[in-house]
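As structure tokens, the structure follows; a few thoughts come after it.
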Amino acid sequence: MRTWKSQPFVSAVLVAINTFIFILCHFTGELLYDAGRLDIFGVLVNGEYGRIFWAMFLHSGIAHLFNNMMILFFMGSMIEKEVGHLPYAIVYFLSGIGGNIVSLSWKAASGDFAGSVGASGAIFGLNGVLLAMVLLSRRRMENVTPLRVALLIAYSLYSGFTGENIDNAAHVGGLATGFLAAAVMCIISGRKRGRYR
């Protein structure tokens, strides 16, 4: 019998919330998108800093939602099992917020007034978490190697940069944030193990 700690309930809850909000958007039209999409006018001019967080829960269409939620659940479940529920939730949200801050900075620097939505910055952060874990953690996950993670990241970035209407700054920012956050976790975890030997 699987224990409560091994259940990926944070990943499941995140998928459920994102799906619920997408359904809600279907019935409310542009209301939630207008209030939550990430754009430099809303954040930097109007001071609506909550958009940096809320944009992670909005998706532009069913395909966008489905792709993100599939990756979130399966990759997220694996990471959540390894690091625990709270650390997983922390790195997920840090990655999403970090990705959106980088996106916002890029929009401001390039004069891009387009809005963006989606959880992909946080999901790219999970790629960064995996990379940090295989490089820095002493724990080993079955069938997860540095080469495989590097190829996954390379393919994901390539798909983003060759696609259209994709916020690649959020992807890169989320990836970097996830890697750095997980690296800190690995270092702290390694020091604790060394202390109690």
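Just so we're on the same page: first chain in the structure tokens is A, next is B, and so on; residues restart at 1 for each chain, and ligands are numbered from 1 in the order they show up.
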Neighbouring residues of stretch 17-31 of chain A were defined as those with any atom within 9 Å, considering only C-alpha atoms; residues of the same chain fewer than 6 positions away were excluded. Please report them as a list in words.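 What passes the distance filter is Met56, Phe57, Leu58, His59, Ser60, Gly61, Ile62, Leu65, Phe66, Met69 and Ala119 of chain A.
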Can I get the selected residues back with all heavy atoms, as a PDB file, in the first residue's frame?
ATOM      1  N   MET A  56       0.206  32.046 -14.223  1.00  0.00           N
ATOM      2  CA  MET A  56       0.583  30.631 -14.238  1.00  0.00           C
ATOM      3  C   MET A  56      -0.633  29.705 -14.326  1.00  0.00           C
ATOM      4  O   MET A  56      -0.493  28.533 -14.663  1.00  0.00           O
ATOM      5  CB  MET A  56       1.362  30.273 -12.960  1.00  0.00           C
ATOM      6  CG  MET A  56       2.749  30.809 -12.895  1.00  0.00           C
ATOM      7  SD  MET A  56       3.655  30.046 -11.512  1.00  0.00           S
ATOM      8  CE  MET A  56       2.907  30.865 -10.122  1.00  0.00           C
ATOM      9  N   PHE A  57      -1.816  30.226 -13.993  1.00  0.00           N
ATOM     10  CA  PHE A  57      -3.009  29.380 -13.938  1.00  0.00           C
ATOM     11  C   PHE A  57      -3.938  29.596 -15.139  1.00  0.00           C
ATOM     12  O   PHE A  57      -5.026  29.026 -15.178  1.00  0.00           O
ATOM     13  CB  PHE A  57      -3.779  29.642 -12.647  1.00  0.00           C
ATOM     14  CG  PHE A  57      -3.017  29.227 -11.422  1.00  0.00           C
ATOM     15  CD1 PHE A  57      -2.269  30.151 -10.706  1.00  0.00           C
ATOM     16  CD2 PHE A  57      -3.039  27.915 -10.992  1.00  0.00           C
ATOM     17  CE1 PHE A  57      -1.560  29.773  -9.577  1.00  0.00           C
ATOM     18  CE2 PHE A  57      -2.340  27.513  -9.864  1.00  0.00           C
ATOM     19  CZ  PHE A  57      -1.594  28.449  -9.161  1.00  0.00           C
ATOM     20  N   LEU A  58      -3.501  30.405 -16.088  1.00  0.00           N
ATOM     21  CA  LEU A  58      -4.319  30.674 -17.271  1.00  0.00           C
ATOM     22  C   LEU A  58      -3.704  30.004 -18.493  1.00  0.00           C
ATOM     23  O   LEU A  58      -2.480  29.976 -18.628  1.00  0.00           O
ATOM     24  CB  LEU A  58      -4.420  32.188 -17.505  1.00  0.00           C
ATOM     25  CG  LEU A  58      -5.081  33.005 -16.387  1.00  0.00           C
ATOM     26  CD1 LEU A  58      -4.924  34.492 -16.656  1.00  0.00           C
ATOM     27  CD2 LEU A  58      -6.557  32.637 -16.244  1.00  0.00           C
ATOM     28  N   HIS A  59      -4.547  29.484 -19.379  1.00  0.00           N
ATOM     29  CA  HIS A  59      -4.062  28.826 -20.597  1.00  0.00           C
ATOM     30  C   HIS A  59      -4.877  29.288 -21.798  1.00  0.00           C
ATOM     31  O   HIS A  59      -6.076  29.556 -21.682  1.00  0.00           O
ATOM     32  CB  HIS A  59      -4.121  27.305 -20.447  1.00  0.00           C
ATOM     33  CG  HIS A  59      -3.095  26.778 -19.492  1.00  0.00           C
ATOM     34  ND1 HIS A  59      -3.284  26.763 -18.124  1.00  0.00           N
ATOM     35  CD2 HIS A  59      -1.836  26.282 -19.701  1.00  0.00           C
ATOM     36  CE1 HIS A  59      -2.212  26.277 -17.536  1.00  0.00           C
ATOM     37  NE2 HIS A  59      -1.323  25.977 -18.455  1.00  0.00           N
ATOM     38  N   SER A  60      -4.204  29.375 -22.931  1.00  0.00           N
ATOM     39  CA  SER A  60      -4.817  29.984 -24.113  1.00  0.00           C
ATOM     40  C   SER A  60      -5.774  29.062 -24.857  1.00  0.00           C
ATOM     41  O   SER A  60      -6.571  29.526 -25.669  1.00  0.00           O
ATOM     42  CB  SER A  60      -3.720  30.456 -25.076  1.00  0.00           C
ATOM     43  OG  SER A  60      -2.921  29.349 -25.485  1.00  0.00           O
ATOM     44  N   GLY A  61      -5.703  27.763 -24.630  1.00  0.00           N
ATOM     45  CA  GLY A  61      -6.576  26.825 -25.332  1.00  0.00           C
ATOM     46  C   GLY A  61      -6.450  25.435 -24.743  1.00  0.00           C
ATOM     47  O   GLY A  61      -5.598  25.189 -23.880  1.00  0.00           O
ATOM     48  N   ILE A  62      -7.272  24.531 -25.230  1.00  0.00           N
ATOM     49  CA  ILE A  62      -7.288  23.174 -24.676  1.00  0.00           C
ATOM     50  C   ILE A  62      -5.969  22.449 -24.931  1.00  0.00           C
ATOM     51  O   ILE A  62      -5.487  21.705 -24.076  1.00  0.00           O
ATOM     52  CB  ILE A  62      -8.487  22.366 -25.248  1.00  0.00           C
ATOM     53  CG1 ILE A  62      -8.638  21.035 -24.516  1.00  0.00           C
ATOM     54  CG2 ILE A  62      -8.350  22.173 -26.743  1.00  0.00           C
ATOM     55  CD1 ILE A  62      -9.040  21.152 -23.079  1.00  0.00           C
ATOM     56  N   LEU A  65      -3.387  23.793 -22.467  1.00  0.00           N
ATOM     57  CA  LEU A  65      -3.657  23.233 -21.148  1.00  0.00           C
ATOM     58  C   LEU A  65      -3.257  21.762 -21.078  1.00  0.00           C
ATOM     59  O   LEU A  65      -2.563  21.340 -20.130  1.00  0.00           O
ATOM     60  CB  LEU A  65      -5.146  23.370 -20.815  1.00  0.00           C
ATOM     61  CG  LEU A  65      -5.597  22.720 -19.510  1.00  0.00           C
ATOM     62  CD1 LEU A  65      -5.122  23.534 -18.315  1.00  0.00           C
ATOM     63  CD2 LEU A  65      -7.127  22.566 -19.480  1.00  0.00           C
ATOM     64  N   PHE A  66      -3.664  20.983 -22.063  1.00  0.00           N
ATOM     65  CA  PHE A  66      -3.416  19.538 -22.040  1.00  0.00           C
ATOM     66  C   PHE A  66      -1.919  19.238 -22.024  1.00  0.00           C
ATOM     67  O   PHE A  66      -1.447  18.419 -21.225  1.00  0.00           O
ATOM     68  CB  PHE A  66      -4.072  18.877 -23.257  1.00  0.00           C
ATOM     69  CG  PHE A  66      -3.866  17.393 -23.309  1.00  0.00           C
ATOM     70  CD1 PHE A  66      -4.620  16.543 -22.514  1.00  0.00           C
ATOM     71  CD2 PHE A  66      -2.915  16.834 -24.163  1.00  0.00           C
ATOM     72  CE1 PHE A  66      -4.428  15.164 -22.553  1.00  0.00           C
ATOM     73  CE2 PHE A  66      -2.714  15.465 -24.207  1.00  0.00           C
ATOM     74  CZ  PHE A  66      -3.478  14.629 -23.402  1.00  0.00           C
ATOM     75  N   MET A  69      -0.429  20.230 -18.602  1.00  0.00           N
ATOM     76  CA  MET A  69      -0.893  19.412 -17.483  1.00  0.00           C
ATOM     77  C   MET A  69      -0.355  17.982 -17.558  1.00  0.00           C
ATOM     78  O   MET A  69      -0.085  17.361 -16.523  1.00  0.00           O
ATOM     79  CB  MET A  69      -2.422  19.409 -17.418  1.00  0.00           C
ATOM     80  CG  MET A  69      -3.032  20.761 -17.069  1.00  0.00           C
ATOM     81  SD  MET A  69      -2.390  21.498 -15.528  1.00  0.00           S
ATOM     82  CE  MET A  69      -1.202  22.702 -16.165  1.00  0.00           C
ATOM     83  N   ALA A 119       1.422  27.831 -17.601  1.00  0.00           N
ATOM     84  CA  ALA A 119       2.235  27.261 -16.528  1.00  0.00           C
ATOM     85  C   ALA A 119       3.594  26.788 -17.020  1.00  0.00           C
ATOM     86  O   ALA A 119       4.350  26.185 -16.257  1.00  0.00           O
ATOM     87  CB  ALA A 119       1.487  26.089 -15.892  1.00  0.00           C
TER      88      ALA A 119
END
According to DSSP computed on the backbone, where in stretch 54-191 of chain A is there helix (DSSP H, G or I)? Give the residues as a PyMOL selection string. chain A and resi 54-57+62-83+85-110+120-136+146-162+168-191
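Omitting A:Gly178 and its sequence neighbours fewer than 6 positions away, and counting only C-alpha atoms, the residues within 7 Å are Val91, Ser95, Gly125, Leu126, Gly128 and Val129 of chain A.
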Could those selected residues go to a file with N, CA, C and O atoms, as a compact mmCIF listing (two decimals), in the first residue's frame?
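Listing of result-v4.txt after writing:
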# COMPACT_ATOMS: atom_id res chain seq x y z
N VAL A 91 9.50 24.84 -5.14
CA VAL A 91 10.29 25.02 -6.37
C VAL A 91 9.38 25.23 -7.57
O VAL A 91 9.76 25.97 -8.51
N SER A 95 9.73 28.66 -9.62
CA SER A 95 10.06 28.58 -11.04
C SER A 95 9.09 29.39 -11.88
O SER A 95 9.49 30.11 -12.80
N GLY A 125 10.76 24.89 -15.10
CA GLY A 125 11.48 24.84 -13.84
C GLY A 125 11.65 23.42 -13.34
O GLY A 125 12.67 23.09 -12.75
N LEU A 126 10.66 22.56 -13.61
CA LEU A 126 10.78 21.15 -13.22
C LEU A 126 11.92 20.48 -13.98
O LEU A 126 12.62 19.62 -13.44
N GLY A 128 14.60 22.04 -14.83
CA GLY A 128 15.78 22.52 -14.11
C GLY A 128 16.00 21.78 -12.81
O GLY A 128 17.14 21.50 -12.43
N VAL A 129 14.90 21.46 -12.12
CA VAL A 129 14.99 20.68 -10.88
C VAL A 129 15.59 19.31 -11.17
O VAL A 129 16.49 18.84 -10.45
Could you list, with a cut-off of 12 Å and counting only C-alpha atoms, the residues of stretch 87-132 of chain A near stretch 33-50 of chain A, each shown with its nearest atom pair and the distance in Å rounded to one decimal, rows sorted by chain and ascending number, as CSV?
residue,atom,partner,partner_atom,distance
A:Gly96,CA,A:Leu38,CA,11.8
A:Ile97,CA,A:Gly50,CA,10.1
A:Gly99,CA,A:Leu38,CA,11.1
A:Asn100,CA,A:Leu38,CA,7.5
A:Ile101,CA,A:Leu38,CA,9.5
A:Val102,CA,A:Leu38,CA,11.3
A:Ser103,CA,A:Leu38,CA,8.6
A:Leu104,CA,A:Ile40,CA,6.2
A:Ser105,CA,A:Ile40,CA,8.5
A:Trp106,CA,A:Ile40,CA,9.7
A:Lys107,CA,A:Ile40,CA,6.7
A:Ala108,CA,A:Ile40,CA,6.4
A:Ala109,CA,A:Ile40,CA,10.1
A:Ser110,CA,A:Ile40,CA,10.8
A:Gly111,CA,A:Ile40,CA,8.8
A:Asp112,CA,A:Ile40,CA,7.9
A:Phe113,CA,A:Ile40,CA,6.3
A:Ala114,CA,A:Asp39,CA,6.2
A:Gly115,CA,A:Asp39,CA,4.5
A:Ser116,CA,A:Leu38,CA,5.1
A:Val117,CA,A:Arg37,CA,5.4
A:Gly118,CA,A:Arg37,CA,8.8
A:Ala119,CA,A:Arg37,CA,11.6
Restricting it to all heavy atoms, dump the selection as a short mmCIF file (atom, residue, chain, number, x, y, z; two decimals), in the first residue's frame.
data_model
loop_
_atom_site.label_atom_id
_atom_site.label_comp_id
_atom_site.auth_asym_id
_atom_site.auth_seq_id
_atom_site.Cartn_x
_atom_site.Cartn_y
_atom_site.Cartn_z
N GLY A 96 7.80 29.25 -11.57
CA GLY A 96 6.79 29.99 -12.32
C GLY A 96 6.95 31.49 -12.14
O GLY A 96 6.88 32.26 -13.12
N ILE A 97 7.17 31.93 -10.92
CA ILE A 97 7.34 33.35 -10.64
C ILE A 97 8.64 33.86 -11.26
O ILE A 97 8.67 34.93 -11.90
CB ILE A 97 7.33 33.60 -9.12
CG1 ILE A 97 5.92 33.35 -8.57
CG2 ILE A 97 7.78 35.03 -8.79
CD1 ILE A 97 5.85 33.29 -7.06
N GLY A 99 10.23 32.60 -13.83
CA GLY A 99 10.05 32.63 -15.28
C GLY A 99 9.26 33.84 -15.72
O GLY A 99 9.60 34.50 -16.73
N ASN A 100 8.22 34.19 -14.98
CA ASN A 100 7.40 35.34 -15.36
C ASN A 100 8.11 36.66 -15.13
O ASN A 100 7.91 37.63 -15.87
CB ASN A 100 6.07 35.31 -14.59
CG ASN A 100 5.10 34.29 -15.17
OD1 ASN A 100 5.28 33.81 -16.28
ND2 ASN A 100 4.06 33.97 -14.42
N ILE A 101 8.98 36.72 -14.12
CA ILE A 101 9.77 37.94 -13.92
C ILE A 101 10.77 38.14 -15.06
O ILE A 101 10.94 39.25 -15.57
CB ILE A 101 10.49 37.88 -12.56
CG1 ILE A 101 9.48 38.03 -11.42
CG2 ILE A 101 11.56 38.98 -12.46
CD1 ILE A 101 10.06 37.84 -10.04
N VAL A 102 11.41 37.04 -15.48
CA VAL A 102 12.32 37.13 -16.63
C VAL A 102 11.54 37.52 -17.89
O VAL A 102 11.99 38.36 -18.68
CB VAL A 102 13.07 35.80 -16.84
CG1 VAL A 102 13.85 35.81 -18.15
CG2 VAL A 102 14.02 35.53 -15.67
N SER A 103 10.37 36.93 -18.06
CA SER A 103 9.53 37.27 -19.22
C SER A 103 9.17 38.74 -19.21
O SER A 103 9.24 39.43 -20.23
CB SER A 103 8.25 36.42 -19.20
OG SER A 103 7.32 36.88 -20.16
N LEU A 104 8.77 39.23 -18.04
CA LEU A 104 8.38 40.63 -17.90
C LEU A 104 9.56 41.55 -18.21
O LEU A 104 9.41 42.58 -18.88
CB LEU A 104 7.87 40.86 -16.48
CG LEU A 104 7.04 42.11 -16.22
CD1 LEU A 104 5.72 42.05 -16.97
CD2 LEU A 104 6.79 42.26 -14.73
N SER A 105 10.74 41.17 -17.73
CA SER A 105 11.94 41.96 -17.98
C SER A 105 12.26 42.01 -19.47
O SER A 105 12.62 43.06 -20.02
CB SER A 105 13.14 41.38 -17.22
OG SER A 105 12.88 41.35 -15.83
N TRP A 106 12.11 40.85 -20.14
CA TRP A 106 12.35 40.80 -21.58
C TRP A 106 11.33 41.64 -22.34
O TRP A 106 11.67 42.35 -23.29
CB TRP A 106 12.32 39.35 -22.06
CG TRP A 106 12.48 39.23 -23.54
CD1 TRP A 106 11.51 38.99 -24.48
CD2 TRP A 106 13.70 39.38 -24.28
NE1 TRP A 106 12.04 38.97 -25.74
CE2 TRP A 106 13.39 39.21 -25.64
CE3 TRP A 106 15.03 39.63 -23.90
CZ2 TRP A 106 14.35 39.27 -26.64
CZ3 TRP A 106 15.99 39.70 -24.90
CH2 TRP A 106 15.65 39.52 -26.24
N LYS A 107 10.07 41.58 -21.92
CA LYS A 107 9.04 42.38 -22.57
C LYS A 107 9.35 43.87 -22.43
O LYS A 107 9.21 44.63 -23.39
CB LYS A 107 7.67 42.08 -21.94
CG LYS A 107 7.08 40.71 -22.25
CD LYS A 107 5.79 40.50 -21.46
CE LYS A 107 5.25 39.09 -21.59
NZ LYS A 107 4.75 38.79 -22.92
N ALA A 108 9.77 44.27 -21.23
CA ALA A 108 10.08 45.68 -21.00
C ALA A 108 11.28 46.12 -21.83
O ALA A 108 11.29 47.21 -22.41
CB ALA A 108 10.33 45.92 -19.51
N ALA A 109 12.31 45.27 -21.89
CA ALA A 109 13.52 45.62 -22.62
C ALA A 109 13.29 45.68 -24.13
O ALA A 109 13.90 46.49 -24.83
CB ALA A 109 14.62 44.61 -22.30
N SER A 110 12.42 44.81 -24.62
CA SER A 110 12.19 44.73 -26.08
C SER A 110 10.97 45.52 -26.53
O SER A 110 10.67 45.57 -27.73
CB SER A 110 12.05 43.26 -26.50
OG SER A 110 10.93 42.67 -25.85
N GLY A 111 10.24 46.10 -25.59
CA GLY A 111 9.04 46.85 -25.95
C GLY A 111 7.91 45.96 -26.43
O GLY A 111 7.09 46.36 -27.25
N ASP A 112 7.85 44.76 -25.89
CA ASP A 112 6.80 43.80 -26.27
C ASP A 112 5.60 43.99 -25.35
O ASP A 112 5.67 43.71 -24.16
CB ASP A 112 7.35 42.38 -26.15
CG ASP A 112 6.33 41.33 -26.57
OD1 ASP A 112 5.20 41.70 -26.97
OD2 ASP A 112 6.66 40.13 -26.49
N PHE A 113 4.48 44.48 -25.91
CA PHE A 113 3.30 44.75 -25.11
C PHE A 113 2.30 43.60 -25.12
O PHE A 113 1.21 43.71 -24.55
CB PHE A 113 2.62 46.03 -25.61
CG PHE A 113 3.40 47.27 -25.32
CD1 PHE A 113 4.30 47.78 -26.26
CD2 PHE A 113 3.29 47.93 -24.10
CE1 PHE A 113 5.04 48.91 -26.00
CE2 PHE A 113 4.03 49.07 -23.83
CZ PHE A 113 4.91 49.57 -24.78
N ALA A 114 2.66 42.49 -25.75
CA ALA A 114 1.76 41.34 -25.79
C ALA A 114 1.66 40.69 -24.43
O ALA A 114 2.65 40.64 -23.68
CB ALA A 114 2.25 40.33 -26.83
N GLY A 115 0.48 40.18 -24.10
CA GLY A 115 0.30 39.46 -22.86
C GLY A 115 0.61 37.99 -23.05
O GLY A 115 0.58 37.47 -24.16
N SER A 116 0.94 37.31 -21.96
CA SER A 116 1.22 35.88 -22.05
C SER A 116 0.61 35.17 -20.85
O SER A 116 0.43 35.75 -19.77
CB SER A 116 2.73 35.62 -22.12
OG SER A 116 3.40 36.19 -21.03
N VAL A 117 0.27 33.90 -21.06
CA VAL A 117 -0.33 33.09 -20.01
C VAL A 117 0.26 31.68 -20.08
O VAL A 117 0.85 31.28 -21.07
CB VAL A 117 -1.87 32.99 -20.16
CG1 VAL A 117 -2.53 34.35 -19.98
CG2 VAL A 117 -2.25 32.40 -21.51
N GLY A 118 0.11 30.93 -18.98
CA GLY A 118 0.50 29.53 -19.00
C GLY A 118 1.41 29.14 -17.86
O GLY A 118 2.09 29.97 -17.26
N ALA A 119 1.42 27.83 -17.60
CA ALA A 119 2.23 27.26 -16.53
C ALA A 119 3.59 26.79 -17.02
O ALA A 119 4.35 26.18 -16.26
CB ALA A 119 1.49 26.09 -15.89
#
Could you work out how far atom CA of A:Ser11 lies from atom CA of A:Leu32, giving the answer in Å with one decimal?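 That distance, rounded to one decimal, is 22.7 Å.
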Return the single residue from A:Leu157, A:Cys186, A:Leu175, A:Ile123 that is closest to A:Ser137, with distances computed using only C-alpha atoms.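 So, comparing all the options, the nearest one is A:Cys186.
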